[in-house]
Amino acid sequence: MKNIIGTVIGAAIDRKDGDSGVKGAILGYAASGALKTVAKIGTLAAIGYGVVSLARRGAAR
């Protein structure tokens with residue numbers, strides 16, 4: 001469902017330029033998938049940073 005929403009939004013943005021909207025639909029589809037991947041990596045990095053920070057704080061005591 002999220003990919004469909006990204007596709008529709010991308011097509012609508014591309015049509016504003018006077019294009020057919022196909023390129024925007026493809027980019028919208030790819031962007032929605034990429035956004036999920038980036039969010040997962042960001043969450044993992046934040047958790048990792050927290051663990052390392054707590055480990056350093058515990059080792060300093």
# chains A, B, ... in the order shown; residues from 1 in each chain; ligands from 1
>>> residues_around(residues="range 10-16 of chain A", least_positions_apart="3", cutoff="10 Å", atoms="only C-alpha atoms", output="ChimeraX atom specification")
/A:4-7,19-32
